[in-house]
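Student: First the structure, which I've put down as C-alpha cells, then a few questions once you've had a look.
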Amino acid sequence: MESQPLPLDGITVVAVEQAVAAPFATRQLADLGARVIKVERIDGGDFARGYDSAAGGLASHFVWCNRGKESIALDLKDPRGVAVVRQLIAGADVFVQNLAHGAAARLGLDAATLCAAHPRLVAVDISGYGPSGPYAGKRAYDMLVQCEAGLVSVTGTPGQPVKAGIPAADIAAAMYAFSGVLAALVRRGVSGRGGPVEVSMLDALAEWMGHPLHHAMHGGTPPARTGLAHAVIAPYDAYPTADGGRVLLSVQNDREWRRLAEQVIGRPELGTDPDFASNAARVENRERTDALVGEALGGLGADEAVVLLERAGVACARLRDVQQLAEHPQLAARERWREVGSPVGPLRALLPPITLPGGGEAPMGDVPALGEHTEALLRAVGMADVEIAALRRDGVAA
C-alpha cells in the first residue's frame with residue numbers, strides 16, 4: 001500500500017512567537033508536515049532560548065517547542081523588518097502570533113487585518129486573557145493564569161495549594177490554537193476562505209477546569225485538595241512500598257473493592273462490611289480504608305505490589321520521576337524515541353503523540369540556531385545580496 005503524505009505537507013506557517021503557547025502550537029503543525037518559519041528578535045531571539053541551558057547548553061523549553069522550524073531574526077521595530085514579515089505572510093497559509101497585547105495590531109499583524117488582506121490566510125492571535133475586557137492588557141504568564149483559572153486552588157494538599165508542574169495554561173492554549181488551525185484549514189478547503197482564530201490562555205484553562213468548575217457551580221462546593229488522592233473516590237492514592245517506591249491504585253467500583261479486599265488485603269469480609277462495601281462508605285472512612293491498603297502494600301516491593309494488583313484486576317501505576325519516564329519500558333518497547341539535530345548536536349526527543357498509521361513518520365527536524373535561515377528566507381522573498389547586506393549592516397536582520 002502506498003504511503004500517505006503527511007497531512008500538512010505543502011502548508012506554510014509563519015509565526016511571530018515566543019515562550020511556549022505559540023511555539024508549542026506551531027511545533028505540532030511542523031510535526032504534521034507543515035513548513036514553519038519562526039520570526040525571532042535579533043537581540044537574543046525568542047526569550048525562551050534563555051530560560052536555562054539544561055539541554056546540552058540549549059534551553060529545555062526551546063528544544064521541546066521549536067524543532068523542525070526555520071529561524072529568521074528580524075527587528076520588527078524597523079519598518080523594513082515588518083515588510084519582510086509581510087512578504088513571508090503573502091506566501092503563507094497560516095500566521096500565528098502571541099505578542100503582548102496590542103503589539104501585533106500596532107504592526108498591522110493582527111488576525112483581523114491580515115485576513116482582510118489575505119482572504120485564504122488562517123491567522124491566529126494567542127493572548128493571555130483575550131482581546132477585550134478588563135484583563136485584556138494584563139501580563140499573562142503561565143503560573144499567573146493557573147491562579148486566575150483556579151487550577152492552583154484544586155491542586156496540592158489540604159494545607160498547601162500548588163501550581164501544576166508543567167506549564168498547563170500555555171499547553172492548553174497551544175493545543176486549542178493547533179486544533180483551531182486544523183479546523184480553519186478544513187473550512188478553507190470547503191469555502192476557500194481562511195479567517196481569524198482567537199485563543200486565550202484563560203479561556204483554554206477554564207475549559208480544562210470543567211470538572212471542578214461544574215462541581216462547584218452545581219454542587220455548591222469546590223472539590224477539596226487531596227494531594228494524590230481523589231476527592232470523591234477511595235481508595236485512590238499512592239501508597240509506600242517496602243523498597244522505598246510508591247504505587248498508586250484506583251478502585252473505581254465496588255466489584256474492584258471486593259477483589260482488592262480478597263486478593264490483596266487478604267480480608268474478603270471487607271467486601272461486604274458496611275463501613276467499606278460502597279464507595280460512599282469508603283470515602284467517609286478514608287483514613288481507615290487507606291490504612292488497610294497501606295498495610296497490605298507496605299510489606300511488598302513496588303514491582304511485587306504492581307503484579308499482585310494487576311492479577312487482582314485493580315488499576316495501578318508506579319509513581320515515577322522524570323528520569324524514570326525517560327527510561328519508561330513502554331516508550332522503549334514502542335520505539336517512541338528519536339534523535340533530532342541541534343546547534344549542540346543530536347538530542348533525544350519523543351515522537352509526537354498523533355500517530356497516523358499508513359502515513360509518513362513525523363519529520364522531527366532540527367532545532368534551529370537563532371537566524372540560521374535568515375539569508376535563505378530573505379533570498380526566497382526576492383532580496384538581492386546588496387539588500388540583504390544593508391539589512392544586516394543596519395541591524396534589521398541577523
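Just remember, in the C-alpha cells the first chain shown is A, the second B, etc., residues are 1-based per chain, and ligands are 1-based in the order shown.
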Near Ser127 in chain A, counting only C-alpha atoms, which residues have an atom at most 9 Å away, once you skip same-chain residues fewer than 6 positions from it, shown as a list in words?
Tutor: Ala21, Gln97, Asn98, Leu99, Ala100, His101, Ala136, Ala140, Ala173, Glu198, Val199, Ser200, Met201 and Leu202 of chain A
Student: As number ranges by chain, please: the residues near Gly395 in chain A (cut-off 10 Å, only C-alpha atoms, same-chain neighbours under 5 positions excluded).
Tutor: A: 42-43, 73-75, 78, 81, 389-390
Student: Show which residues sit within 8 Å of Ala112 in chain A, as a ChimeraX atom specification. Count only C-alpha atoms, and ignore same-chain residues fewer than 2 positions away.
Tutor: /A:110,114-116,123,195-196
Student: Using only C-alpha atoms, can you tell me which of A:Gly245, A:Gly345, A:Gly133, A:Pro352 comes closest to Asp366 in chain A?
Tutor: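 The shortest atom-to-atom distance to Asp366 in chain A comes from A:Gly345.
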Student: Excluding Gly108 in chain A and residues on its chain fewer than 2 positions from it, collect all residues at most 12 Å away from it, counting only C-alpha atoms, and give them as a PDB file with N, CA and C atoms, in the first residue's frame.
Tutor:
```pdb
ATOM      1  N   LEU A  76      11.532  44.016  14.360  1.00  0.00           N
ATOM      2  CA  LEU A  76      10.188  44.448  13.953  1.00  0.00           C
ATOM      3  C   LEU A  76       9.883  45.878  14.389  1.00  0.00           C
ATOM      4  N   PRO A  79      10.534  49.370  10.103  1.00  0.00           N
ATOM      5  CA  PRO A  79       9.541  49.053   9.067  1.00  0.00           C
ATOM      6  C   PRO A  79      10.050  48.042   8.041  1.00  0.00           C
ATOM      7  N   VAL A  82       9.347  44.574   9.406  1.00  0.00           N
ATOM      8  CA  VAL A  82       7.926  44.239   9.269  1.00  0.00           C
ATOM      9  C   VAL A  82       7.586  43.948   7.808  1.00  0.00           C
ATOM     10  N   ALA A  83       8.201  44.671   6.909  1.00  0.00           N
ATOM     11  CA  ALA A  83       7.947  44.445   5.480  1.00  0.00           C
ATOM     12  C   ALA A  83       8.357  43.033   5.069  1.00  0.00           C
ATOM     13  N   VAL A  85       8.340  40.407   7.036  1.00  0.00           N
ATOM     14  CA  VAL A  85       7.309  39.505   7.584  1.00  0.00           C
ATOM     15  C   VAL A  85       6.073  39.521   6.684  1.00  0.00           C
ATOM     16  N   ARG A  86       5.691  40.694   6.212  1.00  0.00           N
ATOM     17  CA  ARG A  86       4.521  40.773   5.320  1.00  0.00           C
ATOM     18  C   ARG A  86       4.765  39.990   4.030  1.00  0.00           C
ATOM     19  N   ILE A  89       4.335  36.362   4.868  1.00  0.00           N
ATOM     20  CA  ILE A  89       2.921  36.042   5.073  1.00  0.00           C
ATOM     21  C   ILE A  89       2.189  35.946   3.739  1.00  0.00           C
ATOM     22  N   GLN A  97       0.653  34.395  16.086  1.00  0.00           N
ATOM     23  CA  GLN A  97       1.421  35.336  16.899  1.00  0.00           C
ATOM     24  C   GLN A  97       0.907  35.309  18.327  1.00  0.00           C
ATOM     25  N   GLY A 102      -1.844  44.206  22.039  1.00  0.00           N
ATOM     26  CA  GLY A 102      -1.799  45.411  21.219  1.00  0.00           C
ATOM     27  C   GLY A 102      -0.605  45.504  20.297  1.00  0.00           C
ATOM     28  N   ALA A 103       0.448  44.705  20.543  1.00  0.00           N
ATOM     29  CA  ALA A 103       1.672  44.835  19.747  1.00  0.00           C
ATOM     30  C   ALA A 103       1.451  44.418  18.303  1.00  0.00           C
ATOM     31  N   ALA A 104       0.755  43.303  18.087  1.00  0.00           N
ATOM     32  CA  ALA A 104       0.524  42.838  16.713  1.00  0.00           C
ATOM     33  C   ALA A 104      -0.329  43.838  15.947  1.00  0.00           C
ATOM     34  N   ALA A 105      -1.333  44.402  16.593  1.00  0.00           N
ATOM     35  CA  ALA A 105      -2.200  45.375  15.922  1.00  0.00           C
ATOM     36  C   ALA A 105      -1.407  46.618  15.525  1.00  0.00           C
ATOM     37  N   ARG A 106      -0.489  47.044  16.382  1.00  0.00           N
ATOM     38  CA  ARG A 106       0.318  48.226  16.049  1.00  0.00           C
ATOM     39  C   ARG A 106       1.191  47.959  14.833  1.00  0.00           C
ATOM     40  N   ASP A 110      -2.132  41.743  13.273  1.00  0.00           N
ATOM     41  CA  ASP A 110      -3.224  41.066  13.975  1.00  0.00           C
ATOM     42  C   ASP A 110      -4.059  40.273  12.975  1.00  0.00           C
ATOM     43  N   ALA A 111      -4.787  39.294  13.473  1.00  0.00           N
ATOM     44  CA  ALA A 111      -5.512  38.375  12.593  1.00  0.00           C
ATOM     45  C   ALA A 111      -6.532  39.092  11.722  1.00  0.00           C
ATOM     46  N   ALA A 112      -7.274  40.033  12.290  1.00  0.00           N
ATOM     47  CA  ALA A 112      -8.314  40.704  11.514  1.00  0.00           C
ATOM     48  C   ALA A 112      -7.723  41.466  10.331  1.00  0.00           C
ATOM     49  N   THR A 113      -6.646  42.195  10.572  1.00  0.00           N
ATOM     50  CA  THR A 113      -6.011  42.971   9.497  1.00  0.00           C
ATOM     51  C   THR A 113      -5.459  42.062   8.408  1.00  0.00           C
ATOM     52  N   LEU A 114      -4.765  41.006   8.824  1.00  0.00           N
ATOM     53  CA  LEU A 114      -4.135  40.120   7.843  1.00  0.00           C
ATOM     54  C   LEU A 114      -5.165  39.350   7.032  1.00  0.00           C
ATOM     55  N   CYS A 115      -6.234  38.897   7.669  1.00  0.00           N
ATOM     56  CA  CYS A 115      -7.246  38.120   6.935  1.00  0.00           C
ATOM     57  C   CYS A 115      -8.025  38.992   5.966  1.00  0.00           C
ATOM     58  N   ALA A 116      -8.150  40.280   6.299  1.00  0.00           N
ATOM     59  CA  ALA A 116      -8.803  41.193   5.355  1.00  0.00           C
ATOM     60  C   ALA A 116      -7.956  41.354   4.097  1.00  0.00           C
ATOM     61  N   ALA A 117      -6.632  41.337   4.265  1.00  0.00           N
ATOM     62  CA  ALA A 117      -5.732  41.492   3.119  1.00  0.00           C
ATOM     63  C   ALA A 117      -5.499  40.179   2.378  1.00  0.00           C
TER      64      ALA A 117
END
```
